[in-house]
Structures are given as structure tokens and as C-alpha cells.
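File shown: my_file_12.txt. Contents: compact mmCIF, C-alpha atoms.
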# COMPACT_ATOMS: atom_id res chain seq x y z
CA MET W 1 287.46 75.19 47.11
CA ALA W 2 289.28 71.90 47.37
CA THR W 3 288.20 70.89 43.89
CA LYS W 4 289.34 74.24 42.54
CA GLU W 5 292.76 73.72 44.14
CA LYS W 6 293.01 70.28 42.59
CA ASN W 7 291.96 71.79 39.34
CA ILE W 8 294.81 74.25 39.11
CA TYR W 9 297.38 71.51 39.73
CA TRP W 10 295.80 69.51 36.96
CA GLN W 11 295.66 72.53 34.66
CA LEU W 12 299.30 73.36 35.36
CA PHE W 13 300.33 69.83 34.44
CA ALA W 14 298.05 69.76 31.38
CA SER W 15 299.28 73.13 30.12
CA PHE W 16 302.92 72.15 30.26
CA PHE W 17 302.17 68.71 28.87
CA LYS W 18 300.57 70.40 25.88
CA ILE W 19 303.56 72.72 25.51
CA GLY W 20 305.96 69.77 25.69
CA ALA W 21 303.96 67.75 23.20
CA PHE W 22 303.54 70.36 20.51
CA THR W 23 306.71 72.45 20.39
CA PHE W 24 309.51 71.41 18.14
CA GLY W 25 312.98 72.80 18.54
CA GLY W 26 313.36 73.09 22.29
CA GLY W 27 313.66 76.04 24.66
CA TRP W 28 313.71 79.13 22.48
CA ALA W 29 310.82 77.94 20.34
CA MET W 30 308.87 77.16 23.51
CA ILE W 31 309.09 80.57 25.15
CA SER W 32 306.42 82.32 23.09
CA ILE W 33 304.05 79.37 23.44
CA ILE W 34 304.58 79.18 27.20
CA GLU W 35 303.94 82.90 27.41
CA SER W 36 300.68 82.72 25.49
CA GLU W 37 299.50 79.76 27.56
CA ILE W 38 300.54 81.05 31.00
CA VAL W 39 300.15 84.81 30.66
CA ASP W 40 297.51 85.38 27.98
CA LYS W 41 295.26 82.35 28.29
CA HIS W 42 295.26 81.39 31.97
CA HIS W 43 296.36 84.73 33.46
CA TRP W 44 298.39 82.83 36.04
CA ILE W 45 301.26 85.27 35.93
CA GLU W 46 301.66 88.91 34.90
CA LYS W 47 303.83 89.54 31.88
CA ASP W 48 306.50 91.35 33.92
CA ASP W 49 306.74 88.46 36.36
CA PHE W 50 307.04 86.06 33.46
CA LEU W 51 309.95 88.01 31.98
CA ASP W 52 311.58 88.00 35.41
CA LEU W 53 311.20 84.20 35.68
CA LEU W 54 312.50 83.81 32.15
CA ALA W 55 315.67 85.75 32.99
CA ILE W 56 316.31 83.46 35.95
CA ALA W 57 315.57 80.28 33.99
CA GLN W 58 318.04 81.39 31.33
CA SER W 59 320.84 82.14 33.72
CA LEU W 60 320.74 78.69 35.32
CA PRO W 61 322.17 75.63 33.56
CA GLY W 62 320.09 72.73 32.31
CA ILE W 63 317.20 72.40 29.93
CA LEU W 64 315.61 75.79 29.39
CA ALA W 65 312.03 74.54 28.96
CA VAL W 66 312.24 72.55 32.20
CA ASN W 67 313.73 75.53 34.02
CA ILE W 68 310.91 77.80 32.88
CA ALA W 69 308.27 75.21 33.85
CA THR W 70 309.87 74.77 37.28
CA ALA W 71 309.99 78.52 37.88
CA VAL W 72 306.37 79.07 36.79
CA GLY W 73 305.09 76.10 38.81
CA ASP W 74 307.00 77.27 41.88
CA LYS W 75 305.64 80.79 41.56
CA LEU W 76 302.07 79.48 41.34
CA ARG W 77 301.93 76.60 43.79
CA GLY W 78 305.34 76.06 45.36
CA THR W 79 307.32 72.86 45.15
CA ARG W 80 304.36 70.65 44.26
CA GLY W 81 303.40 72.99 41.43
CA SER W 82 306.95 73.06 40.10
CA MET W 83 307.16 69.26 40.11
CA LEU W 84 303.91 68.95 38.16
CA ALA W 85 304.91 71.62 35.64
CA ALA W 86 308.36 70.08 35.10
CA ALA W 87 306.88 66.58 34.78
CA GLY W 88 304.36 67.89 32.26
CA THR W 89 307.15 69.34 30.11
CA ILE W 90 309.31 66.21 30.25
CA LEU W 91 306.70 63.47 29.82
CA PRO W 92 305.61 63.96 26.18
CA SER W 93 309.11 63.86 24.72
CA PHE W 94 310.11 61.08 27.13
CA LEU W 95 307.19 58.90 26.02
CA ILE W 96 307.63 59.66 22.31
CA ILE W 97 311.37 58.94 22.34
CA LEU W 98 310.83 55.80 24.41
CA CYS W 99 308.45 54.47 21.75
CA ILE W 100 310.95 55.33 19.03
CA ALA W 101 313.79 53.72 20.99
CA ILE W 102 311.80 50.52 21.45
CA PHE W 103 310.85 50.18 17.79
CA LEU W 104 313.69 51.92 15.96
CA THR W 105 316.67 50.12 17.45
CA PRO W 106 320.27 50.87 16.38
CA ASP W 107 320.43 47.40 14.77
CA MET W 108 317.37 48.18 12.71
CA ILE W 109 318.84 51.47 11.47
CA LYS W 110 322.00 49.59 10.53
CA ASN W 111 320.49 46.49 8.94
CA ASN W 112 317.30 47.64 7.28
CA ARG W 113 318.26 48.72 3.76
CA VAL W 114 315.62 51.42 3.38
CA ILE W 115 316.09 52.92 6.85
CA SER W 116 319.88 52.89 6.63
CA SER W 117 319.81 54.62 3.24
CA ILE W 118 317.45 57.29 4.62
CA PHE W 119 319.76 57.95 7.55
CA MET W 120 322.82 58.12 5.27
CA GLY W 121 321.12 61.07 3.63
CA ILE W 122 320.00 62.64 6.90
CA ARG W 123 323.34 62.62 8.76
CA PRO W 124 325.16 65.24 6.64
CA ALA W 125 322.05 67.45 6.85
CA VAL W 126 322.08 67.21 10.66
CA VAL W 127 325.65 68.53 10.65
CA ALA W 128 324.43 71.52 8.62
CA LEU W 129 321.67 72.11 11.18
CA ILE W 130 324.36 72.45 13.86
CA ILE W 131 326.66 74.66 11.77
CA ALA W 132 323.87 77.22 11.33
CA PRO W 133 323.52 78.02 15.07
CA VAL W 134 327.32 78.37 15.33
CA ILE W 135 327.07 81.38 13.03
CA THR W 136 323.91 82.82 14.57
CA SER W 137 325.30 82.51 18.11
CA ALA W 138 328.64 83.99 17.01
CA LYS W 139 326.78 87.00 15.64
CA ALA W 140 324.67 87.30 18.80
CA ALA W 141 327.80 87.14 20.98
CA LYS W 142 329.18 90.17 19.07
CA LEU W 143 332.63 88.62 18.75
CA ASN W 144 335.48 90.96 17.88
CA TRP W 145 339.21 90.46 17.29
CA LYS W 146 339.75 90.49 21.06
CA THR W 147 337.31 87.65 21.75
CA VAL W 148 337.13 85.61 18.56
CA TRP W 149 340.01 83.36 19.66
CA ILE W 150 337.95 82.05 22.58
CA PRO W 151 335.42 80.04 20.53
CA CYS W 152 338.20 78.98 18.13
CA ILE W 153 340.41 77.56 20.89
CA THR W 154 337.41 76.04 22.68
CA ALA W 155 336.15 74.26 19.56
CA LEU W 156 339.62 73.11 18.55
CA MET W 157 340.61 71.73 21.97
CA ILE W 158 337.31 69.92 22.54
CA SER W 159 337.25 68.30 19.12
CA LEU W 160 340.89 67.18 19.32
CA ASP W 161 340.17 64.53 21.96
CA LEU W 162 343.08 65.20 24.32
CA GLY W 163 341.65 63.73 27.51
CA TYR W 164 341.09 66.25 30.28
CA ALA W 165 342.13 69.17 28.06
CA SER W 166 339.23 68.29 25.76
CA ASN W 167 336.56 68.29 28.46
CA PRO W 168 333.87 70.88 27.60
CA ILE W 169 333.27 71.46 31.33
CA LEU W 170 336.79 72.89 31.62
CA TYR W 171 336.02 75.59 29.05
CA ILE W 172 332.63 76.42 30.59
CA VAL W 173 334.34 76.95 33.96
CA LEU W 174 337.21 78.92 32.38
CA GLY W 175 334.76 81.15 30.49
CA GLY W 176 332.85 82.00 33.66
CA LEU W 177 336.04 82.53 35.66
CA GLY W 178 337.54 84.64 32.87
CA GLY W 179 334.51 86.93 32.75
CA PHE W 180 334.54 87.22 36.53
CA SER W 181 338.28 88.04 36.76
CA ILE W 182 338.08 90.74 34.10
CA TRP W 183 335.26 92.29 36.08
CA ALA W 184 337.14 91.97 39.39
CA LEU W 185 340.24 93.60 37.89
CA SER W 186 338.23 96.48 36.50
CA GLN W 187 336.63 96.99 39.91
CA ARG W 188 340.07 97.17 41.53
CA LYS W 189 341.27 99.70 38.98
CA LEU W 190 338.14 101.73 39.61
CA LYS W 191 338.82 101.74 43.36
CA LYS W 192 342.44 102.80 42.82
CA THR W 193 341.53 105.72 40.59
CA LYS W 194 338.87 106.76 43.08
CA GLY W 195 341.40 106.56 45.91
CA HIS W 196 343.68 109.12 44.29
CA MET G 1 324.44 47.68 37.39
CA GLY G 2 327.48 49.96 37.10
CA ILE G 3 326.26 51.29 33.78
CA TYR G 4 323.28 52.93 35.47
CA TRP G 5 325.44 54.84 37.93
CA LYS G 6 327.72 55.93 35.11
CA LEU G 7 324.71 57.07 33.07
CA ILE G 8 323.32 59.03 36.00
CA TRP G 9 326.69 60.64 36.72
CA ALA G 10 327.21 61.61 33.06
CA TYR G 11 323.76 63.15 32.79
CA ILE G 12 324.07 65.01 36.09
CA LYS G 13 327.21 66.63 34.66
CA ILE G 14 325.36 67.44 31.44
CA GLY G 15 322.52 69.01 33.46
CA VAL G 16 324.77 71.01 35.78
CA PHE G 17 327.11 72.39 33.08
CA GLY G 18 324.55 72.67 30.29
CA PHE G 19 324.72 76.40 29.66
CA GLY G 20 323.71 77.96 26.37
CA GLY G 21 320.84 75.75 25.21
CA GLY G 22 320.41 72.45 23.42
CA TYR G 23 323.09 72.76 20.75
CA ALA G 24 325.77 73.76 23.25
CA MET G 25 324.71 70.79 25.39
CA LEU G 26 325.33 68.45 22.44
CA SER G 27 329.06 68.98 22.83
CA LEU G 28 328.88 67.66 26.42
CA VAL G 29 326.70 64.72 25.38
CA GLU G 30 329.00 63.77 22.52
CA LYS G 31 332.06 63.99 24.78
CA LEU G 32 330.68 62.07 27.76
CA VAL G 33 328.50 59.56 25.95
CA VAL G 34 330.32 58.90 22.67
CA SER G 35 334.03 59.74 23.00
CA ASP G 36 334.61 58.88 26.65
CA ASN G 37 332.27 55.96 27.28
CA HIS G 38 331.45 54.63 23.79
CA TRP G 39 327.88 53.87 24.86
CA ILE G 40 326.72 54.67 21.35
CA THR G 41 328.46 55.13 18.00
CA GLU G 42 329.01 58.48 16.25
CA GLN G 43 326.36 57.52 13.72
CA MET G 44 323.83 56.70 16.39
CA PHE G 45 324.51 60.03 18.06
CA THR G 46 323.85 61.88 14.80
CA ASP G 47 320.67 59.84 14.29
CA ILE G 48 319.47 60.82 17.77
CA VAL G 49 320.01 64.49 16.94
CA ALA G 50 317.95 63.98 13.76
CA ILE G 51 315.19 62.19 15.67
CA SER G 52 315.22 64.95 18.31
CA GLN G 53 314.71 67.56 15.63
CA MET G 54 311.73 65.71 14.25
CA THR G 55 310.00 65.01 17.54
CA PRO G 56 308.65 67.61 19.97
CA GLY G 57 310.45 68.54 23.14
CA PRO G 58 313.91 69.67 24.20
CA ILE G 59 316.93 67.93 22.67
CA GLY G 60 318.42 67.36 26.15
CA ILE G 61 315.45 65.22 27.21
CA ASN G 62 315.27 63.42 23.88
CA SER G 63 318.93 62.43 23.95
CA ALA G 64 318.80 61.35 27.60
CA THR G 65 315.79 59.14 26.99
CA TYR G 66 317.17 57.50 23.85
CA ILE G 67 320.72 57.02 25.10
CA GLY G 68 319.46 55.83 28.49
CA TYR G 69 317.42 53.19 26.71
CA VAL G 70 320.19 52.00 24.40
CA ALA G 71 323.28 52.25 26.62
CA PRO G 72 322.65 49.32 29.05
CA GLY G 73 322.17 46.87 26.18
CA GLU G 74 325.21 48.15 24.30
CA VAL G 75 327.45 47.74 27.34
CA ASN G 76 326.09 44.43 28.55
CA PRO G 77 324.05 42.19 26.20
CA ASP G 78 322.23 40.73 29.23
CA LEU G 79 320.60 44.12 29.72
CA ALA G 80 319.33 44.38 26.13
CA SER G 81 315.65 44.16 26.96
CA PRO G 82 312.93 46.82 27.12
CA ILE G 83 312.70 46.67 30.91
CA TRP G 84 316.39 47.43 31.47
CA GLY G 85 316.22 49.98 28.69
CA ILE G 86 313.27 51.81 30.24
CA LEU G 87 315.08 51.83 33.59
CA GLY G 88 318.06 53.47 31.85
CA SER G 89 315.94 56.11 30.15
CA VAL G 90 314.16 57.00 33.40
CA ALA G 91 317.53 57.25 35.18
CA ALA G 92 319.18 59.42 32.50
CA THR G 93 316.16 61.70 32.04
CA LEU G 94 315.83 62.29 35.79
CA ALA G 95 319.58 62.84 36.13
CA VAL G 96 319.63 65.56 33.49
CA THR G 97 316.60 67.40 34.89
CA VAL G 98 316.80 67.06 38.68
CA PRO G 99 319.91 69.26 39.25
CA SER G 100 318.52 72.26 37.40
CA PHE G 101 315.12 71.64 39.02
CA PHE G 102 316.67 72.18 42.43
CA LEU G 103 318.82 75.06 41.18
CA VAL G 104 315.68 76.85 39.95
CA LEU G 105 313.89 76.20 43.25
CA TYR G 106 316.71 77.16 45.59
CA CYS G 107 318.95 79.56 43.67
CA ALA G 108 316.27 81.68 42.03
CA HIS G 109 316.21 84.25 44.81
CA PHE G 110 320.01 84.46 44.79
CA ILE G 111 320.07 85.12 41.04
CA ARG G 112 317.20 87.62 41.35
CA LYS G 113 319.06 89.50 44.06
CA HIS G 114 322.31 89.70 42.13
CA GLN G 115 320.95 89.82 38.60
CA GLU G 116 321.97 93.41 38.08
CA SER G 117 325.32 92.96 39.81
CA GLY G 118 328.38 93.36 37.64
CA ALA G 119 329.85 90.03 38.73
CA ILE G 120 326.96 87.88 37.48
CA LYS G 121 326.76 89.84 34.24
CA ALA G 122 330.51 89.46 33.74
CA ILE G 123 330.34 85.68 34.23
CA PHE G 124 327.72 85.39 31.51
CA GLU G 125 329.67 87.77 29.33
CA GLY G 126 332.59 85.35 29.66
CA LEU G 127 330.42 82.31 28.93
CA ARG G 128 328.98 83.69 25.72
CA PRO G 129 332.00 83.18 23.42
CA VAL G 130 332.61 79.75 25.00
CA VAL G 131 329.07 78.69 24.07
CA VAL G 132 329.84 79.55 20.43
CA GLY G 133 332.89 77.29 20.69
CA LEU G 134 330.85 74.49 22.28
CA ILE G 135 328.34 74.47 19.43
CA ALA G 136 331.17 74.63 16.89
CA SER G 137 332.92 71.68 18.54
CA ALA G 138 329.73 69.61 18.29
CA ALA G 139 329.56 70.41 14.57
CA ILE G 140 333.25 69.61 14.03
CA MET G 141 333.07 66.31 15.92
CA LEU G 142 330.14 65.22 13.75
CA MET G 143 331.99 65.99 10.51
CA ASN G 144 333.56 62.56 10.41
CA ALA G 145 333.86 59.57 8.13
CA ALA G 146 331.08 57.68 9.92
CA ASN G 147 328.61 60.41 9.02
CA PHE G 148 329.95 61.48 5.63
CA CYS G 149 331.27 58.33 3.99
CA PRO G 150 330.40 55.09 5.80
CA ASN G 151 331.01 53.23 2.50
CA GLY G 152 334.51 54.65 2.32
CA THR G 153 334.00 55.77 -1.28
CA ASP G 154 334.88 59.21 -2.65
CA SER G 155 331.56 59.50 -4.44
CA GLN G 156 329.66 59.10 -1.18
CA LEU G 157 331.84 61.72 0.48
CA TRP G 158 331.00 64.23 -2.28
CA ILE G 159 327.29 63.41 -2.14
CA SER G 160 327.34 63.96 1.62
CA ILE G 161 329.19 67.26 1.29
CA ALA G 162 326.61 68.36 -1.28
CA ILE G 163 323.72 67.40 1.03
CA CYS G 164 325.37 69.22 3.93
CA ALA G 165 325.98 72.38 1.86
CA ALA G 166 322.45 72.36 0.44
CA ALA G 167 320.91 71.83 3.88
CA PHE G 168 322.99 74.67 5.29
CA CYS G 169 321.87 77.06 2.55
CA LEU G 170 318.22 76.09 3.08
CA VAL G 171 318.34 76.61 6.83
CA TYR G 172 320.55 79.68 6.86
CA PHE G 173 319.37 81.71 3.88
CA PRO G 174 315.61 82.23 3.82
CA ILE G 175 314.12 82.16 0.32
CA LYS G 176 313.02 85.64 -0.69
CA THR G 177 310.10 85.89 -3.06
CA ARG G 178 308.49 89.11 -4.16
CA LYS G 179 305.81 88.90 -1.50
CA ARG G 180 307.48 87.33 1.50
CA THR G 181 310.50 85.45 2.75
CA ILE G 182 310.08 81.74 3.30
CA LYS G 183 312.05 80.09 6.07
CA ILE G 184 312.26 76.35 5.65
CA HIS G 185 311.70 74.41 8.84
CA PRO G 186 314.52 72.05 9.93
CA ILE G 187 312.05 69.13 9.98
CA LEU G 188 311.35 69.64 6.28
CA ILE G 189 315.08 69.77 5.57
CA ILE G 190 315.62 66.46 7.37
CA CYS G 191 312.73 64.92 5.41
CA ILE G 192 314.19 66.12 2.10
CA ALA G 193 317.65 64.81 3.06
CA GLY G 194 316.13 61.46 4.04
CA LEU G 195 314.30 61.24 0.73
CA ALA G 196 317.54 62.11 -1.09
CA GLY G 197 319.31 59.35 0.87
CA TYR G 198 316.64 56.85 -0.10
CA LEU G 199 316.74 57.82 -3.77
CA ILE G 200 320.56 57.71 -3.92
CA TYR G 201 321.40 54.67 -1.77
CA GLY G 202 318.14 52.79 -1.26
CA LEU G 203 316.84 52.06 -4.73
Rewrite the structure of this file - the entire thing - as C-alpha cells.
Amino acid sequence: MATKEKNIYWQLFASFFKIGAFTFGGGWAMISIIESEIVDKHHWIEKDDFLDLLAIAQSLPGILAVNIATAVGDKLRGTRGSMLAAAGTILPSFLIILCIAIFLTPDMIKNNRVISSIFMGIRPAVVALIIAPVITSAKAAKLNWKTVWIPCITALMISLDLGYASNPILYIVLGGLGGFSIWALSQRKLKKTKGH
Amino acid sequence: MGIYWKLIWAYIKIGVFGFGGGYAMLSLVEKLVVSDNHWITEQMFTDIVAISQMTPGPIGINSATYIGYVAPGEVNPDLASPIWGILGSVAATLAVTVPSFFLVLYCAHFIRKHQESGAIKAIFEGLRPVVVGLIASAAIMLMNAANFCPNGTDSQLWISIAICAAAFCLVYFPIKTRKRTIKIHPILIICIAGLAGYLIYGL
């Protein structure tokens, strides 16, 4: 029994280590792989429970893959399980990037002729890779003429570098507060019309 | 030692306010790490994004580990050794993950209870357009001279614009053949752009 218990901790860590080591592209790309590993292969969690955990992981801030790992680990084996699952997700990319950071130093990128020429080609392409999700997320957010000014103002103010007015945190807080106040106002209206 | 506390504080903020996934988080990283503290240059930041795309794992972890490693040495040359670097990457990586770790453990039942409530839904409804703006701001901040024409020549600017436009088309418009549509993976696009860079500037 004791060995079996130990085993599931180890398996939990190994599963998430594997997920962390082999998925490129972060959270969204990881979801289907986590699902096949956790739900289909190991039968640790029912599919419905997994979708429930996913909804919670998405609504909390932070790194989505780590949030999912924490939630799954917690569901299976409490705090210790969640620590192992989260550590498993983080470790592969931590170790890989650490190796890259040790060998591919900023000075090397700058001073090595071949490497610097490669990166001069890569940088404009990276910008394109970030422009693409702007459009996909704008479509997913179903922006209309009433809401389209919000991303425009947000992007403009943040990129202008105006001190506190350019702090992204300000706009995250304002967005949440804005959504909440519109809801609160509509509730009040609803109460008033009901009162009459 | 102050740099470590600053790193931890910056990455706690990135972890706590990082709504909307990796790309939206980039805007926070660029603001806190590049514009406010100048721990790394604009170019280095772009390079880290490229490296993150080509290595497995979430971009938030990748950036924390790399910046945590580099920042101490950039701020204080005495700290430019692997040991101080590793300490920085451990600190930054833990700082970005620990807050949401505890939020998942201790706020999950609160969220579950109020998931269907109008208030929570409305807050996320309000966040959604902001997230679009966050990603856009990251893209705008990276469209700068350091990334597009470090030589300062017009020809380089045009080459960079061409690479950017071509990369965008490849990633955004899947190639439709008679049998199937081919979506080109971002890693392949970065490889092609790197090869183009080598052929244009390196030979």
C-alpha cells in the first residue's frame, strides 16, 4: 500500500514533467495533452471534473499550465500532490532555459557574427508572432463599436511610456472593475423595475 | 542583494496580474523588466521571446528563468557568475509561480461557488477587451528600431518589415492545397527567419 502511494506521487510528477518537457507554445497547447495524460491514460480524474478544474485554472491569474497542474495535483493528493505536479511542469523549461542562459549569453548574441545575424532575422518575425494573437484574441472577444476603444486605449497608453498611466496592471484592474460596475448597475436597474 | 528582491517583487506582480495567457503577460514583463528597470535590453527581450517559442514550456516560466539569470550580472558586474545567475532564475521562477499556486489551492472553492454568478462573469467580460490591448501593446513596444534596424540603415528597415510581413502571413493564413490546409508551426517560422538573417547579414 505504502509503495503504491509513493508510486502515484512519482507518477504525478513524471506525468507533468513529461507534459512540461514536450509541449511547445504554453498553456493552450498543453490542455489537450494534459487531458489525454490525466483523463484518458491514467484515469485519475473524470472528464467532467477535469473541465471543472480547467475553468477554475483559467479564471485565476498566472501561468495556465502551472494552474492546471496545481489543481489536478490538489484534487488527487492534496497540497503535496499539487506541489509535485506544479514542480513537474516547471522543471523541464526551467532546466532547458537555464542551460541556454549559461551558454547563450547576451554578449555572445551581440558579438558572435553568425549568431547576431541569425537573431537580426528572427526579431522581426517574433513581432509578427505576437501580432497574430492580437487579431485572434480580438475576434474571440467579439469586439464591437461599443468596446473596440478599450483595447485601442489600453495598447496606446501602455506603449506610450507615461509612468503610472502606462502600467498594464492599471488597465487589468480597470477592466475588471468596469465589467463589475456595468453588472452592478444593471442589477440595480433590474431591482428598480421589479419594485414598480 | 537588492536586485534579487526587486526581481522577486516584479515577478510576483507578473504572476498575480497575469490574466489572459502568455502573450498578454509579455506586456507586463516588458514594462516591469525592460522599460522600468532596464535589466535587459529590448533586443534581449525579443530574443527571449524567440527562445521561448523554440523551447518547450510556458513563456512565463521561460522568461522568468532567463531574465532571472541575466539580470543580476547586468545590474552589478560582481554578480555576473553562474551561481548568482542561477540564484536569480530560481528566485524569479518561484516568484512568478508561487502566488497563483496558492490562489489555485485556496481560492478554487470560492471561484467554483461563484462561477455562475453574474459578478464573476461580468469581471471576466470586462477583462477580455483589455487582454486584447495588452497583447497589442506588447507587439507595439517590440516594433522599435532595436528590433527592426539596429544598423540604422533604411535597407535593413525594409528587410525587417518584409520578414515581419512574411512571417505574419505564414502564421496567420494557413496554406490551402487541394487536399488539406497546412498550418506552419511558429518554430519553423523562426527557423526560416533565422536562416534568412544569416543569409542576408551573416555571409
Around all the atoms of range 8-25 of chain W listed in the file, draw an axis-aligned box and extend it by 4 Å on each of the six sides; I want its centre and edge lengths in Å to one decimal, as lines of an AutoDock Vina configuration file.
center_x = 303.9
center_y = 71.0
center_z = 28.9
size_x = 26.2
size_y = 14.5
size_z = 29.6
Can you pull out every residue within 8 Å of range 60-66 of chain G, counting all atoms listed in the file, but drop anything in the same chain fewer than 6 positions away, and send it as a short mmCIF file (atom, residue, chain, number, x, y, z; two decimals) with C-alpha atoms, in the frame of the given file?
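Result written to out_25.cif:
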data_model
loop_
_atom_site.label_atom_id
_atom_site.label_comp_id
_atom_site.auth_asym_id
_atom_site.auth_seq_id
_atom_site.Cartn_x
_atom_site.Cartn_y
_atom_site.Cartn_z
CA ILE W 63 317.20 72.40 29.93
CA ILE W 90 309.31 66.21 30.25
CA SER W 93 309.11 63.86 24.72
CA PHE W 94 310.11 61.08 27.13
CA ILE W 97 311.37 58.94 22.34
CA LEU W 98 310.83 55.80 24.41
CA ALA W 101 313.79 53.72 20.99
CA TYR G 11 323.76 63.15 32.79
CA GLY G 22 320.41 72.45 23.42
CA MET G 25 324.71 70.79 25.39
CA LEU G 26 325.33 68.45 22.44
CA ILE G 48 319.47 60.82 17.77
CA VAL G 49 320.01 64.49 16.94
CA SER G 52 315.22 64.95 18.31
CA GLY G 88 318.06 53.47 31.85
CA SER G 89 315.94 56.11 30.15
CA VAL G 90 314.16 57.00 33.40
CA ALA G 92 319.18 59.42 32.50
CA THR G 93 316.16 61.70 32.04
CA VAL G 96 319.63 65.56 33.49
#
Practice task
Give me the residues within 12 Å of Ala14 in chain W as a list in words, counting all atoms listed in the file and dropping any in the same chain fewer than 5 places off.
Solution key: Asn7, Ile8, Tyr9, Ile19, Gly20, Ala21, Glu37, Ile38, His42, Ala69, Gly81, Leu84, Ala85, Ala86, Ala87, Gly88, Thr89, Ile90, Leu91 and Pro92 of chain W
Problem - Shell of 10 Å around Trp149 in chain W, all atoms listed in the file, local chain residues under 6 positions omitted, as a ChimeraX atom specification - result: /W:143,155 /G:129-130,133
Mind writing the picked residues with C-alpha atoms as a compact mmCIF listing (two decimals), in the frame of the given file?
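Result saved to again30.txt:
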# COMPACT_ATOMS: atom_id res chain seq x y z
CA LEU W 143 332.63 88.62 18.75
CA ALA W 155 336.15 74.26 19.56
CA PRO G 129 332.00 83.18 23.42
CA VAL G 130 332.61 79.75 25.00
CA GLY G 133 332.89 77.29 20.69
Problem - Selection as a PyMOL selection string: residues within 12 Å of (323.3, 45.1, 26.7), counting all atoms listed in the file - result: chain G and resi 1+3-4+39-40+68-85+88
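Here the question is which of G:Ala91, G:Val132, G:Cys107, G:Cys164 gets nearest to Ala193 in chain G using all atoms listed in the file, and that residue is G:Cys164.
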Would you pick out the contacts of range 117-128 of chain W at 8 Å or less, using all atoms listed in the file, so that residues sharing its chain but fewer than 4 positions from it are not included, and give the list as a PDB file with C-alpha atoms, in the frame of the given file?
ATOM      1  CA  ILE W 109     318.840  51.470  11.470  1.00  0.00           C
ATOM      2  CA  ARG W 113     318.260  48.720   3.760  1.00  0.00           C
ATOM      3  CA  ALA W 132     323.870  77.220  11.330  1.00  0.00           C
TER       4      ALA W 132
ATOM      5  CA  GLN G  43     326.360  57.520  13.720  1.00  0.00           C
ATOM      6  CA  THR G  46     323.850  61.880  14.800  1.00  0.00           C
ATOM      7  CA  ASP G  47     320.670  59.840  14.290  1.00  0.00           C
ATOM      8  CA  VAL G  49     320.010  64.490  16.940  1.00  0.00           C
ATOM      9  CA  ALA G  50     317.950  63.980  13.760  1.00  0.00           C
ATOM     10  CA  ALA G 139     329.560  70.410  14.570  1.00  0.00           C
ATOM     11  CA  LEU G 142     330.140  65.220  13.750  1.00  0.00           C
ATOM     12  CA  MET G 143     331.990  65.990  10.510  1.00  0.00           C
ATOM     13  CA  ASN G 147     328.610  60.410   9.020  1.00  0.00           C
ATOM     14  CA  PHE G 148     329.950  61.480   5.630  1.00  0.00           C
ATOM     15  CA  SER G 160     327.340  63.960   1.620  1.00  0.00           C
ATOM     16  CA  ILE G 161     329.190  67.260   1.290  1.00  0.00           C
ATOM     17  CA  ILE G 163     323.720  67.400   1.030  1.00  0.00           C
ATOM     18  CA  CYS G 164     325.370  69.220   3.930  1.00  0.00           C
ATOM     19  CA  ALA G 165     325.980  72.380   1.860  1.00  0.00           C
ATOM     20  CA  ALA G 167     320.910  71.830   3.880  1.00  0.00           C
ATOM     21  CA  PHE G 168     322.990  74.670   5.290  1.00  0.00           C
ATOM     22  CA  ILE G 189     315.080  69.770   5.570  1.00  0.00           C
ATOM     23  CA  ILE G 190     315.620  66.460   7.370  1.00  0.00           C
ATOM     24  CA  CYS G 191     312.730  64.920   5.410  1.00  0.00           C
ATOM     25  CA  ALA G 193     317.650  64.810   3.060  1.00  0.00           C
ATOM     26  CA  GLY G 194     316.130  61.460   4.040  1.00  0.00           C
ATOM     27  CA  LEU G 195     314.300  61.240   0.730  1.00  0.00           C
ATOM     28  CA  ALA G 196     317.540  62.110  -1.090  1.00  0.00           C
ATOM     29  CA  GLY G 197     319.310  59.350   0.870  1.00  0.00           C
ATOM     30  CA  TYR G 198     316.640  56.850  -0.100  1.00  0.00           C
ATOM     31  CA  ILE G 200     320.560  57.710  -3.920  1.00  0.00           C
ATOM     32  CA  TYR G 201     321.400  54.670  -1.770  1.00  0.00           C
ATOM     33  CA  GLY G 202     318.140  52.790  -1.260  1.00  0.00           C
TER      34      GLY G 202
END
Exercise for the section: Give me, please, the distance in Å between CA of Val114 in chain W and CA of Ile96 in chain W, quoted to one decimal. Expected result: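 Spanning CA of Val114 in chain W to CA of Ile96 in chain W is a straight-line distance of 22.1 Å.
Distances to Glu46 in chain W were evaluated for W:Leu76, W:Ile100, W:Val66, W:Met30 using all atoms listed in the file, and the minimum falls at W:Leu76.
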Practice task
Excluding range 180-187 of chain G and residues on its chain fewer than 4 positions from it, collect all residues at most 7 Å away from it, counting only C-alpha atoms, and give them as a list in words.
Solution key: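 Using only C-alpha atoms, the neighbours found are Gln53, Met54, Leu170, Val171, Pro174, Ile175, Lys176 and Cys191 of chain G.
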Handout entry: Å distance separating CA of Phe13 in chain W from CA of Thr70 in chain W, one decimal place
Key =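 Going from CA of Phe13 in chain W over to CA of Thr70 in chain W, I get 11.1 Å.
Taking all atoms listed in the file into account, chain W lies nearest to G:Gly126 out of the set G:Gly126, G:Pro150, G:Pro99, G:Gly2.
You will find CA of Gly15 in chain G at 8.0 Å from CA of Val98 in chain G.
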Exercise for the section: Go through G:Thr153, G:Ala162, G:Gly21, G:Ile120 one by one, measure the shortest atom-to-atom distance of each to Gly178 in chain W using all atoms listed in the file, and give the residue with the smallest value. Expected result: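 Smallest distance to Gly178 in chain W is found for G:Ile120.
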Exercise for the section: Counting all atoms listed in the file, figure out which residue out of W:Pro106, W:Gly78, W:Leu60, W:Leu156 gets nearest to Thr41 in chain G. Expected result: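 Under the stated criterion, the closest residue is W:Pro106.
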Problem - W:Val39, W:Ile33, W:Val72, W:Ala138 ranked by distance to chain G, top pick (using all atoms listed in the file) - result: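 Closest to chain G, using all atoms listed in the file: W:Ala138.
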